[in-house]
file input_1.tsv (TSV, C-alpha atoms)
chain	number	residue	atom	x	y	z
A	1	MET	CA	0.00	0.00	0.00
A	2	THR	CA	1.55	3.31	-1.08
A	3	THR	CA	0.91	6.99	-0.43
A	4	THR	CA	0.88	7.86	-4.13
A	5	LEU	CA	-2.16	9.76	-5.36
A	6	THR	CA	-1.37	9.12	-9.08
A	7	PRO	CA	-2.47	12.15	-11.12
A	8	ASP	CA	-0.90	12.75	-14.53
A	9	THR	CA	2.54	14.13	-13.66
A	10	SER	CA	4.01	13.98	-17.19
A	11	GLU	CA	4.30	17.77	-17.39
A	12	SER	CA	6.23	17.80	-14.12
A	13	TRP	CA	8.68	15.23	-15.43
A	14	GLN	CA	9.13	17.26	-18.62
A	15	VAL	CA	10.10	20.25	-16.47
A	16	LEU	CA	12.61	18.08	-14.59
A	17	ARG	CA	14.03	16.61	-17.79
A	18	ARG	CA	14.56	20.04	-19.33
A	19	ALA	CA	16.29	21.25	-16.17
A	20	GLY	CA	18.37	18.07	-15.94
A	21	LYS	CA	19.64	18.49	-19.51
A	22	LEU	CA	21.07	21.84	-18.45
A	23	THR	CA	22.24	21.01	-14.95
A	24	GLY	CA	23.53	17.46	-15.45
A	25	PRO	CA	26.42	18.35	-17.82
A	26	ARG	CA	27.44	21.21	-15.52
A	27	ILE	CA	27.65	18.80	-12.57
A	28	ARG	CA	29.59	16.23	-14.62
A	29	GLN	CA	32.12	18.93	-15.54
A	30	ALA	CA	32.44	19.88	-11.89
A	31	LEU	CA	33.09	16.27	-10.84
A	32	ASP	CA	35.82	16.02	-13.47
A	33	ARG	CA	37.81	18.57	-11.44
A	34	LEU	CA	38.10	16.13	-8.53
A	35	ALA	CA	41.13	13.92	-7.95
A	36	GLU	CA	40.89	10.16	-7.69
A	37	PRO	CA	39.60	8.20	-5.85
A	38	VAL	CA	37.13	10.86	-4.71
A	39	ARG	CA	36.02	11.49	-8.28
A	40	THR	CA	34.96	7.86	-8.73
A	41	VAL	CA	33.12	7.83	-5.40
A	42	ALA	CA	31.20	10.98	-6.39
A	43	ARG	CA	30.45	9.71	-9.91
A	44	TYR	CA	29.28	6.39	-8.46
A	45	HIS	CA	26.95	8.22	-6.06
A	46	PHE	CA	25.42	10.15	-8.98
A	47	GLY	CA	24.91	6.89	-10.89
A	48	TRP	CA	27.44	7.74	-13.60
A	49	CYS	CA	29.88	4.86	-13.01
A	50	ASP	CA	30.09	1.53	-11.26
A	51	ALA	CA	32.37	0.70	-8.33
A	52	ALA	CA	35.28	0.07	-10.72
A	53	GLY	CA	34.82	3.45	-12.41
A	54	ARG	CA	33.25	2.04	-15.59
A	55	HIS	CA	30.67	4.29	-17.25
A	56	THR	CA	27.01	3.71	-16.39
A	57	ASP	CA	23.95	5.88	-16.82
A	58	ASP	CA	21.71	4.92	-13.93
A	59	GLY	CA	20.59	8.52	-13.39
A	60	TRP	CA	21.29	10.98	-10.63
A	61	GLY	CA	17.90	11.49	-9.03
A	62	LYS	CA	15.12	13.88	-9.89
A	63	GLY	CA	17.13	17.12	-9.88
A	64	LEU	CA	14.12	18.79	-8.29
A	65	ARG	CA	16.09	21.39	-6.35
A	66	GLY	CA	18.05	22.48	-9.40
A	67	ALA	CA	14.81	22.70	-11.36
A	68	LEU	CA	13.44	25.03	-8.69
A	69	VAL	CA	16.44	27.34	-9.12
A	70	LEU	CA	15.98	27.48	-12.89
A	71	GLY	CA	12.20	27.77	-12.60
A	72	GLY	CA	12.44	30.59	-10.07
A	73	ALA	CA	14.79	32.55	-12.31
A	74	GLN	CA	12.63	32.04	-15.39
A	75	ALA	CA	9.49	33.00	-13.45
A	76	LEU	CA	11.08	36.42	-12.91
A	77	GLY	CA	12.06	36.79	-16.55
A	78	ALA	CA	15.67	35.57	-16.58
A	79	THR	CA	17.16	33.04	-18.97
A	80	PRO	CA	18.14	29.63	-17.50
A	81	GLY	CA	21.79	30.39	-18.18
A	82	ARG	CA	21.73	33.15	-15.57
A	83	ALA	CA	20.91	30.57	-12.89
A	84	LEU	CA	22.78	27.51	-14.13
A	85	GLY	CA	25.70	27.83	-11.71
A	86	ALA	CA	23.31	28.21	-8.79
A	87	ALA	CA	21.23	25.22	-9.96
A	88	ALA	CA	24.34	23.03	-10.13
A	89	ALA	CA	25.44	24.32	-6.72
A	90	VAL	CA	22.14	23.38	-5.09
A	91	GLU	CA	22.23	19.87	-6.53
A	92	LEU	CA	25.83	19.45	-5.38
A	93	VAL	CA	24.87	20.59	-1.86
A	94	HIS	CA	21.91	18.22	-1.81
A	95	ASN	CA	24.12	15.29	-2.78
A	96	PHE	CA	26.76	16.34	-0.25
A	97	SER	CA	24.08	16.06	2.42
A	98	VAL	CA	22.84	12.71	1.05
A	99	LEU	CA	26.34	11.17	1.12
A	100	HIS	CA	26.77	12.25	4.73
A	101	ASP	CA	23.21	11.29	5.67
A	102	ASP	CA	23.68	7.75	4.35
A	103	VAL	CA	26.74	7.31	6.56
A	104	MET	CA	25.04	8.75	9.65
A	105	ASP	CA	21.91	6.66	9.17
A	106	GLN	CA	23.87	3.59	7.99
A	107	ASP	CA	21.54	3.31	5.00
A	108	ALA	CA	22.70	0.51	2.70
A	109	THR	CA	20.57	1.29	-0.38
A	110	ARG	CA	19.77	4.44	-2.34
A	111	ARG	CA	18.25	4.80	-5.80
A	112	GLY	CA	18.14	1.02	-6.05
A	113	ARG	CA	21.88	0.44	-5.62
A	114	PRO	CA	24.32	0.09	-2.70
A	115	THR	CA	25.15	3.42	-1.08
A	116	ALA	CA	28.63	4.86	-1.63
A	117	TRP	CA	29.84	4.24	1.92
A	118	THR	CA	28.99	0.53	1.69
A	119	VAL	CA	31.09	0.26	-1.47
A	120	PHE	CA	34.02	2.58	-0.78
A	121	GLY	CA	33.94	2.92	3.02
A	122	SER	CA	32.67	5.71	5.27
A	123	ALA	CA	35.82	7.83	5.07
A	124	GLN	CA	35.83	8.03	1.26
A	125	ALA	CA	32.08	8.71	1.15
A	126	LEU	CA	32.45	11.57	3.63
A	127	LEU	CA	35.38	13.01	1.68
A	128	ALA	CA	33.33	12.83	-1.52
A	129	GLY	CA	30.53	14.69	0.23
A	130	ASP	CA	32.98	17.35	1.41
A	131	ALA	CA	34.30	17.69	-2.15
A	132	LEU	CA	30.76	18.25	-3.50
A	133	LEU	CA	30.27	21.06	-1.01
A	134	VAL	CA	33.47	22.77	-2.21
A	135	LEU	CA	32.41	22.33	-5.83
A	136	ALA	CA	29.06	23.92	-5.00
A	137	MET	CA	30.79	27.04	-3.73
A	138	GLU	CA	32.95	27.12	-6.87
A	139	GLU	CA	29.83	26.95	-9.02
A	140	LEU	CA	28.32	29.93	-7.21
A	141	ALA	CA	31.58	31.83	-7.62
A	142	SER	CA	31.21	31.52	-11.41
A	143	SER	CA	28.64	34.35	-11.41
A	144	PRO	CA	29.99	37.32	-13.41
A	145	SER	CA	28.33	39.76	-11.01
A	146	PRO	CA	30.19	40.31	-7.68
A	147	VAL	CA	26.99	41.51	-6.02
A	148	ARG	CA	24.98	38.51	-7.20
A	149	HIS	CA	27.82	36.18	-6.18
A	150	SER	CA	27.88	37.65	-2.66
A	151	THR	CA	24.12	37.51	-2.10
A	152	SER	CA	23.87	34.01	-3.59
A	153	THR	CA	26.64	32.74	-1.33
A	154	GLN	CA	24.84	34.20	1.69
A	155	GLU	CA	21.59	32.54	0.58
A	156	LEU	CA	23.20	29.13	0.20
A	157	CYS	CA	25.18	29.40	3.44
A	158	ARG	CA	22.01	30.24	5.35
A	159	ALA	CA	20.30	27.18	3.89
A	160	LEU	CA	23.33	25.04	4.75
A	161	LEU	CA	23.38	26.14	8.39
A	162	GLU	CA	19.67	25.38	8.71
A	163	LEU	CA	20.23	22.01	7.02
A	164	VAL	CA	22.96	21.10	9.51
A	165	ALA	CA	20.76	22.17	12.43
A	166	GLY	CA	17.87	20.08	11.11
A	167	GLN	CA	20.03	17.02	10.56
A	168	SER	CA	21.50	17.40	14.06
A	169	SER	CA	17.99	17.50	15.54
A	170	ASP	CA	17.00	14.44	13.52
A	171	LEU	CA	19.89	12.48	15.03
A	172	ALA	CA	19.17	13.77	18.53
A	173	PHE	CA	15.51	12.74	18.28
A	174	GLU	CA	16.57	9.10	17.98
A	175	GLU	CA	17.82	9.27	21.56
A	176	ARG	CA	14.78	11.08	22.95
A	177	ALA	CA	11.36	9.81	23.96
A	178	ASP	CA	9.59	13.16	24.22
A	179	VAL	CA	9.65	14.72	20.75
A	180	ASP	CA	6.58	16.81	19.90
A	181	LEU	CA	5.17	17.74	16.51
A	182	GLU	CA	6.34	21.35	16.55
A	183	GLU	CA	9.91	20.21	17.15
A	184	CYS	CA	9.60	17.61	14.41
A	185	LEU	CA	8.26	20.15	11.91
A	186	ALA	CA	11.10	22.52	12.83
A	187	MET	CA	13.56	19.70	12.22
A	188	ALA	CA	12.03	19.03	8.78
A	189	ALA	CA	12.11	22.75	8.01
A	190	GLY	CA	15.88	22.65	8.47
A	191	LYS	CA	16.72	19.21	7.15
A	192	THR	CA	14.69	19.47	3.94
A	193	ALA	CA	12.75	22.71	3.49
A	194	ALA	CA	15.76	25.01	3.99
A	195	LEU	CA	17.41	23.85	0.78
A	196	PHE	CA	14.11	24.04	-1.14
A	197	ALA	CA	13.70	27.61	0.12
A	198	GLY	CA	17.31	28.43	-0.70
A	199	ALA	CA	16.93	26.99	-4.20
A	200	CYS	CA	13.95	29.22	-4.94
A	201	GLY	CA	15.67	32.21	-3.35
A	202	LEU	CA	18.76	31.61	-5.49
A	203	GLY	CA	16.61	31.51	-8.60
A	204	ALA	CA	15.07	34.84	-7.71
A	205	LEU	CA	18.48	36.35	-6.96
A	206	ALA	CA	19.85	35.12	-10.29
A	207	ALA	CA	17.04	37.10	-11.95
A	208	ASP	CA	17.91	40.19	-9.86
A	209	GLY	CA	14.57	39.91	-8.11
A	210	GLY	CA	13.55	42.49	-5.52
A	211	PRO	CA	13.24	41.69	-1.80
A	212	ALA	CA	9.51	40.93	-2.00
A	213	GLN	CA	10.03	38.59	-4.96
A	214	VAL	CA	12.93	36.78	-3.30
A	215	GLU	CA	10.99	36.38	-0.06
A	216	ALA	CA	7.85	35.12	-1.82
A	217	LEU	CA	9.77	32.50	-3.80
A	218	ARG	CA	11.75	31.54	-0.72
A	219	GLY	CA	8.48	31.04	1.17
A	220	PHE	CA	7.13	28.98	-1.71
A	221	GLY	CA	10.18	26.71	-1.47
A	222	HIS	CA	9.89	26.43	2.31
A	223	HIS	CA	6.32	25.14	2.24
A	224	LEU	CA	7.02	22.93	-0.77
A	225	GLY	CA	9.98	21.41	1.09
A	226	LEU	CA	7.83	20.60	4.10
A	227	ALA	CA	5.21	18.97	1.88
A	228	PHE	CA	7.98	16.99	0.16
A	229	GLN	CA	9.35	15.74	3.50
A	230	LEU	CA	5.92	14.71	4.71
A	231	VAL	CA	5.36	12.66	1.56
A	232	ASP	CA	8.89	11.26	1.88
A	233	ASP	CA	8.14	10.11	5.42
A	234	LEU	CA	4.92	8.49	4.25
A	235	LEU	CA	6.76	6.68	1.46
A	236	GLY	CA	9.32	5.50	4.00
A	237	ILE	CA	6.53	3.59	5.77
A	238	TRP	CA	3.98	2.74	3.07
A	239	GLY	CA	5.94	3.10	-0.19
A	240	ASP	CA	7.12	0.48	-2.64
A	241	THR	CA	10.83	-0.39	-2.45
A	242	ARG	CA	10.88	-0.98	-6.21
A	243	ALA	CA	9.87	2.65	-6.73
A	244	THR	CA	11.67	4.38	-3.87
A	245	GLY	CA	14.96	2.51	-4.28
A	246	LYS	CA	15.22	2.29	-0.47
A	247	PRO	CA	14.03	-0.42	1.92
A	248	VAL	CA	10.53	0.47	3.09
A	249	GLY	CA	10.26	0.30	6.87
A	250	ALA	CA	13.92	1.12	7.49
A	251	ASP	CA	12.98	4.24	9.49
A	252	LEU	CA	10.67	2.18	11.71
A	253	HIS	CA	13.33	-0.50	12.11
A	254	ARG	CA	15.65	2.21	13.50
A	255	ARG	CA	12.76	3.64	15.53
A	256	LYS	CA	13.26	6.95	13.75
A	257	LYS	CA	10.85	9.70	14.76
A	258	SER	CA	9.54	10.76	11.38
A	259	LEU	CA	6.55	13.09	11.15
A	260	PRO	CA	3.81	10.42	10.84
A	261	VAL	CA	5.37	8.51	13.75
A	262	VAL	CA	5.52	11.56	16.01
A	263	ALA	CA	1.93	12.45	15.12
A	264	ALA	CA	0.93	8.91	16.14
A	265	LEU	CA	3.01	8.99	19.33
A	266	ARG	CA	1.42	12.29	20.37
A	267	SER	CA	-2.12	11.21	19.47
A	268	ASN	CA	-3.11	10.08	22.97
A	269	THR	CA	-4.82	7.04	21.47
A	270	PRO	CA	-4.55	3.37	22.47
A	271	ALA	CA	-2.65	2.66	19.25
A	272	GLY	CA	-0.33	5.58	19.94
A	273	ARG	CA	0.43	4.26	23.41
A	274	ARG	CA	1.14	0.79	22.05
A	275	LEU	CA	3.45	2.34	19.46
A	276	ALA	CA	5.26	4.19	22.25
A	277	GLU	CA	5.83	0.89	24.05
A	278	LEU	CA	7.35	-0.56	20.87
A	279	TYR	CA	9.56	2.49	20.40
A	280	HIS	CA	10.74	2.48	24.02
A	281	ASP	CA	11.65	-1.21	23.95
A	282	GLU	CA	15.42	-1.51	23.51
A	283	ARG	CA	15.27	-4.90	21.82
A	284	PRO	CA	15.91	-4.93	18.03
A	285	LEU	CA	12.74	-4.39	16.01
A	286	LYS	CA	12.31	-7.44	13.76
A	287	SER	CA	10.21	-7.54	10.58
A	288	THR	CA	7.10	-8.51	12.55
A	289	GLY	CA	7.68	-5.55	14.84
A	290	VAL	CA	8.07	-3.21	11.86
A	291	ALA	CA	4.79	-4.50	10.43
A	292	ARG	CA	3.09	-3.96	13.78
A	293	ALA	CA	4.53	-0.45	14.08
A	294	THR	CA	3.27	0.34	10.58
A	295	THR	CA	-0.26	-0.70	11.55
A	296	LEU	CA	-0.14	1.25	14.82
A	297	VAL	CA	1.04	4.47	13.14
A	298	GLU	CA	-1.95	4.27	10.82
A	299	GLN	CA	-4.42	3.33	13.57
A	300	ALA	CA	-3.18	6.23	15.71
A	301	GLY	CA	-3.87	8.69	12.87
A	302	GLY	CA	-0.27	9.37	11.89
A	303	ARG	CA	-0.83	8.67	8.23
A	304	ASP	CA	-3.98	10.79	7.94
A	305	TRP	CA	-2.34	13.66	9.81
A	306	ALA	CA	0.71	13.62	7.52
A	307	LEU	CA	-1.42	13.54	4.36
A	308	ALA	CA	-3.54	16.45	5.63
A	309	GLU	CA	-0.48	18.45	6.69
A	310	ALA	CA	1.19	17.86	3.32
A	311	ALA	CA	-1.92	19.20	1.59
A	312	ARG	CA	-1.90	22.24	3.91
A	313	GLN	CA	1.76	22.95	3.14
A	314	ARG	CA	1.02	22.59	-0.58
A	315	SER	CA	-1.73	25.19	-0.31
A	316	MET	CA	0.53	27.61	1.53
A	317	ALA	CA	3.26	27.12	-1.08
A	318	LEU	CA	0.87	28.08	-3.88
A	319	ASP	CA	-0.35	31.08	-1.85
A	320	ARG	CA	3.22	32.38	-1.59
A	321	LEU	CA	3.71	31.89	-5.33
A	322	ALA	CA	0.60	33.98	-5.99
A	323	GLU	CA	2.02	36.95	-4.06
A	324	VAL	CA	4.16	38.16	-6.96
A	325	THR	CA	3.69	38.68	-10.69
A	326	LEU	CA	5.50	35.92	-12.56
A	327	ASP	CA	5.99	34.78	-16.13
A	328	PRO	CA	2.85	32.65	-16.70
A	329	GLN	CA	4.55	29.71	-18.38
A	330	ALA	CA	7.40	29.49	-15.85
A	331	ALA	CA	4.97	29.87	-12.94
A	332	HIS	CA	2.92	27.02	-14.39
A	333	GLY	CA	6.08	24.91	-14.43
A	334	LEU	CA	6.73	25.67	-10.77
A	335	ARG	CA	3.16	24.68	-9.88
A	336	SER	CA	3.64	21.40	-11.74
A	337	LEU	CA	6.66	20.67	-9.51
A	338	VAL	CA	4.37	21.07	-6.50
A	339	ASP	CA	2.14	18.35	-7.90
A	340	LEU	CA	5.17	16.13	-8.50
A	341	ALA	CA	6.37	16.59	-4.92
A	342	MET	CA	2.94	15.66	-3.61
A	343	HIS	CA	1.97	12.83	-5.94
A	344	ARG	CA	5.04	10.67	-6.34
A	345	SER	CA	6.08	7.11	-5.67
A	346	SER	CA	9.78	7.75	-5.08
call {"tool": "encode", "arguments": {"input": "input_1.tsv", "output": "structure tokens"}}
result
Amino acid sequence: MTTTLTPDTSESWQVLRRAGKLTGPRIRQALDRLAEPVRTVARYHFGWCDAAGRHTDDGWGKGLRGALVLGGAQALGATPGRALGAAAAVELVHNFSVLHDDVMDQDATRRGRPTAWTVFGSAQALLAGDALLVLAMEELASSPSPVRHSTSTQELCRALLELVAGQSSDLAFEERADVDLEECLAMAAGKTAALFAGACGLGALAADGGPAQVEALRGFGHHLGLAFQLVDDLLGIWGDTRATGKPVGADLHRRKKSLPVVAALRSNTPAGRRLAELYHDERPLKSTGVARATTLVEQAGGRDWALAEAARQRSMALDRLAEVTLDPQAAHGLRSLVDLAMHRSS
């Protein structure tokens, strides 16, 4: 049973494909500047080579954050080329965080293949992540405008600091029994929404947008990022491994306090109390325990709450987008990315 709502998202994927055709080559060129063996680790993570360095083309993810940069710039009348460095930078930052996140969470699978740290070791995976972060800053520095370069760097650094704070909270929650929903939403705002907001803000800055335009697009990205994380958490429990490329139930196995789980734990229902007993038990959670936890999260209302909250965040994202006058076609593309974030299987 999945969380996917299955509308026609072909337009959304067309937007992503167009953005990927621009951003992908820029990222490949950036990776070519790395020394071995870090270059192979990074290329493997992106799906562009196997463990021995032989060429593959397994894909590098959706490229959603880069598409938001390009879409934000175009919505304010700029050409994609004005924002290409920023789009590549955001995707490099995202993948830096993913490489580190896989090590911290000990995740063994991503995008349907073994994670980089399981193939090359934790140290090399972390170094590859560090290298991607440096490359991201180099991509931002490619802006011909010193003013735009300075403001864009500030925008990305702010998103990065919020991302680190969110990831730190996520790790800390695993050791705590008393996490509430506001804390969990704040964690998601840092861990995921901050980079979505930064991506949209960078797009607006690349188009020399005014403060109101930058803030509106940044707010759009913030709410979209929260909706994305809510759907991601739902897929982590009820998704299909064949579509997500990650083992479904892994978060429950680790007793991770994702948003649907925290909503269930704080529900003050019999199912919520039974879920709390499972989560407080220090014994390893076997497959039967994961299945039981999945049922209890749903019975306690965690799934319904997360779906409703995702829809609320979607609505607020579109409200922020409506605050400013945008190029109609580009704005339509941004709205299609909202639908993709909400109605996806991976």
call {"tool": "atom_distance", "arguments": {"input": "input_1.tsv", "atom1": "atom CA of A:Leu161", "atom2": "atom CA of A:Gly210"}}
result
23.6 Å
call {"tool": "closest_residue", "arguments": {"input": "input_1.tsv", "among": "A:Glu277, A:Asp58, A:Glu91, A:Glu215", "to": "A:Arg111", "atoms": "all atoms listed in the file"}}
result
A:Asp58
call {"tool": "atom_distance", "arguments": {"input": "input_1.tsv", "atom1": "atom CA of A:Ala271", "atom2": "atom CA of A:Ala300"}}
result
5.1 Å
call {"tool": "closest_residue", "arguments": {"input": "input_1.tsv", "among": "A:Lys191, A:Arg218, A:Arg28, A:Arg43", "to": "A:Ser258", "atoms": "only C-alpha atoms"}}
result
A:Lys191
call {"tool": "closest_residue", "arguments": {"input": "input_1.tsv", "among": "A:Met187, A:Leu127, A:Ala291, A:Ala172", "to": "A:Leu34", "atoms": "only C-alpha atoms"}}
result
A:Leu127
call {"tool": "closest_residue", "arguments": {"input": "input_1.tsv", "among": "A:Ala42, A:Leu235, A:Ala330, A:Ile27", "to": "A:Thr79", "atoms": "only C-alpha atoms"}}
result
A:Ala330
call {"tool": "closest_residue", "arguments": {"input": "input_1.tsv", "among": "A:Leu76, A:Phe46, A:Ser152, A:Ala207", "to": "A:Gly129", "atoms": "all atoms listed in the file"}}
result
A:Phe46
call {"tool": "residues_around", "arguments": {"input": "input_1.tsv", "residues": "A:Thr325", "least_positions_apart": "6", "cutoff": "10 Å", "atoms": "only C-alpha atoms", "output": "PDB file with C-alpha atoms, keeping the file's coordinate frame"}}
result
ATOM      1  CA  ALA A  75       9.490  33.000 -13.450  1.00  0.00           C
ATOM      2  CA  LEU A  76      11.080  36.420 -12.910  1.00  0.00           C
ATOM      3  CA  GLN A 213      10.030  38.590  -4.960  1.00  0.00           C
ATOM      4  CA  ALA A 331       4.970  29.870 -12.940  1.00  0.00           C
TER       5      ALA A 331
END
call {"tool": "atom_distance", "arguments": {"input": "input_1.tsv", "atom1": "atom CA of A:Gly198", "atom2": "atom CA of A:Ala317"}}
result
14.1 Å
call {"tool": "residues_around", "arguments": {"input": "input_1.tsv", "residues": "A:Arg266", "least_positions_apart": "4", "cutoff": "12 Å", "atoms": "only C-alpha atoms", "output": "list in words"}}
result
Ala177, Asp178, Val179, Asp180, Leu181, Glu182, Cys184, Lys257, Leu259, Pro260, Val261, Val262, Pro270, Ala271, Gly272, Arg273, Arg274, Leu275, Ala276, Val297, Ala300, Gly301, Gly302 and Trp305 of chain A
call {"tool": "closest_residue", "arguments": {"input": "input_1.tsv", "among": "A:Ile237, A:Leu226, A:Val214, A:Ala206", "to": "A:Arg292", "atoms": "all atoms listed in the file"}}
result
A:Ile237
call {"tool": "axis_aligned_box", "arguments": {"input": "input_1.tsv", "around": "stretch 159-177 of chain A", "padding_each_side": "8 Å", "output": "JSON"}}
result
{"center_x": 17.4, "center_y": 18.1, "center_z": 13.9, "size_x": 28.0, "size_y": 34.1, "size_z": 36.1}
call {"tool": "residues_around", "arguments": {"input": "input_1.tsv", "residues": "A:Leu126", "least_positions_apart": "6", "cutoff": "12 Å", "atoms": "only C-alpha atoms", "output": "PyMOL selection string"}}
result
chain A and resi 38+41-42+45+95-104+115-118+120+132-133
call {"tool": "build_atoms", "arguments": {"input": "input_1.tsv", "residues": "stretch 55-72 of chain A", "atoms": "N, CA, C and O atoms", "output": "short mmCIF file (atom, residue, chain, number, x, y, z; two decimals), in the frame of the given file"}}
result
data_model
loop_
_atom_site.label_atom_id
_atom_site.label_comp_id
_atom_site.auth_asym_id
_atom_site.auth_seq_id
_atom_site.Cartn_x
_atom_site.Cartn_y
_atom_site.Cartn_z
N HIS A 55 31.81 3.42 -16.97
CA HIS A 55 30.67 4.29 -17.25
C HIS A 55 29.34 3.54 -17.12
O HIS A 55 29.19 2.43 -17.60
N THR A 56 28.40 4.16 -16.43
CA THR A 56 27.01 3.71 -16.39
C THR A 56 26.13 4.94 -16.54
O THR A 56 26.61 6.07 -16.48
N ASP A 57 24.87 4.74 -16.71
CA ASP A 57 23.95 5.88 -16.82
C ASP A 57 22.68 5.55 -16.06
O ASP A 57 21.59 5.53 -16.61
N ASP A 58 22.85 5.29 -14.77
CA ASP A 58 21.71 4.92 -13.93
C ASP A 58 20.89 6.12 -13.46
O ASP A 58 19.89 5.97 -12.77
N GLY A 59 21.34 7.33 -13.79
CA GLY A 59 20.59 8.52 -13.39
C GLY A 59 21.07 9.05 -12.06
O GLY A 59 21.69 8.35 -11.28
N TRP A 60 20.78 10.33 -11.82
CA TRP A 60 21.29 10.98 -10.63
C TRP A 60 20.18 11.57 -9.76
O TRP A 60 20.39 12.52 -9.01
N GLY A 61 19.02 10.98 -9.83
CA GLY A 61 17.90 11.49 -9.03
C GLY A 61 17.03 12.42 -9.85
O GLY A 61 17.21 12.58 -11.06
N LYS A 62 16.10 13.05 -9.20
CA LYS A 62 15.12 13.88 -9.89
C LYS A 62 15.69 15.22 -10.34
O LYS A 62 15.25 15.80 -11.32
N GLY A 63 16.64 15.77 -9.58
CA GLY A 63 17.13 17.12 -9.88
C GLY A 63 16.11 18.18 -9.56
O GLY A 63 16.11 19.27 -10.15
N LEU A 64 15.22 17.88 -8.60
CA LEU A 64 14.12 18.79 -8.29
C LEU A 64 14.62 20.14 -7.78
O LEU A 64 14.09 21.20 -8.16
N ARG A 65 15.63 20.14 -6.94
CA ARG A 65 16.09 21.39 -6.35
C ARG A 65 16.73 22.30 -7.41
O ARG A 65 16.53 23.51 -7.40
N GLY A 66 17.50 21.69 -8.31
CA GLY A 66 18.05 22.48 -9.40
C GLY A 66 16.96 23.03 -10.31
O GLY A 66 17.06 24.17 -10.80
N ALA A 67 15.93 22.23 -10.54
CA ALA A 67 14.81 22.70 -11.36
C ALA A 67 14.11 23.88 -10.71
O ALA A 67 13.62 24.79 -11.40
N LEU A 68 14.04 23.90 -9.39
CA LEU A 68 13.44 25.03 -8.69
C LEU A 68 14.26 26.31 -8.86
O LEU A 68 13.70 27.40 -9.00
N VAL A 69 15.59 26.17 -8.87
CA VAL A 69 16.44 27.34 -9.12
C VAL A 69 16.15 27.90 -10.51
O VAL A 69 15.89 29.10 -10.67
N LEU A 70 16.20 27.03 -11.52
CA LEU A 70 15.98 27.48 -12.89
C LEU A 70 14.57 28.02 -13.07
O LEU A 70 14.36 29.06 -13.73
N GLY A 71 13.58 27.32 -12.48
CA GLY A 71 12.20 27.77 -12.60
C GLY A 71 11.96 29.11 -11.93
O GLY A 71 11.22 29.96 -12.44
N GLY A 72 12.59 29.31 -10.76
CA GLY A 72 12.44 30.59 -10.07
C GLY A 72 13.02 31.73 -10.87
O GLY A 72 12.43 32.82 -10.95
#
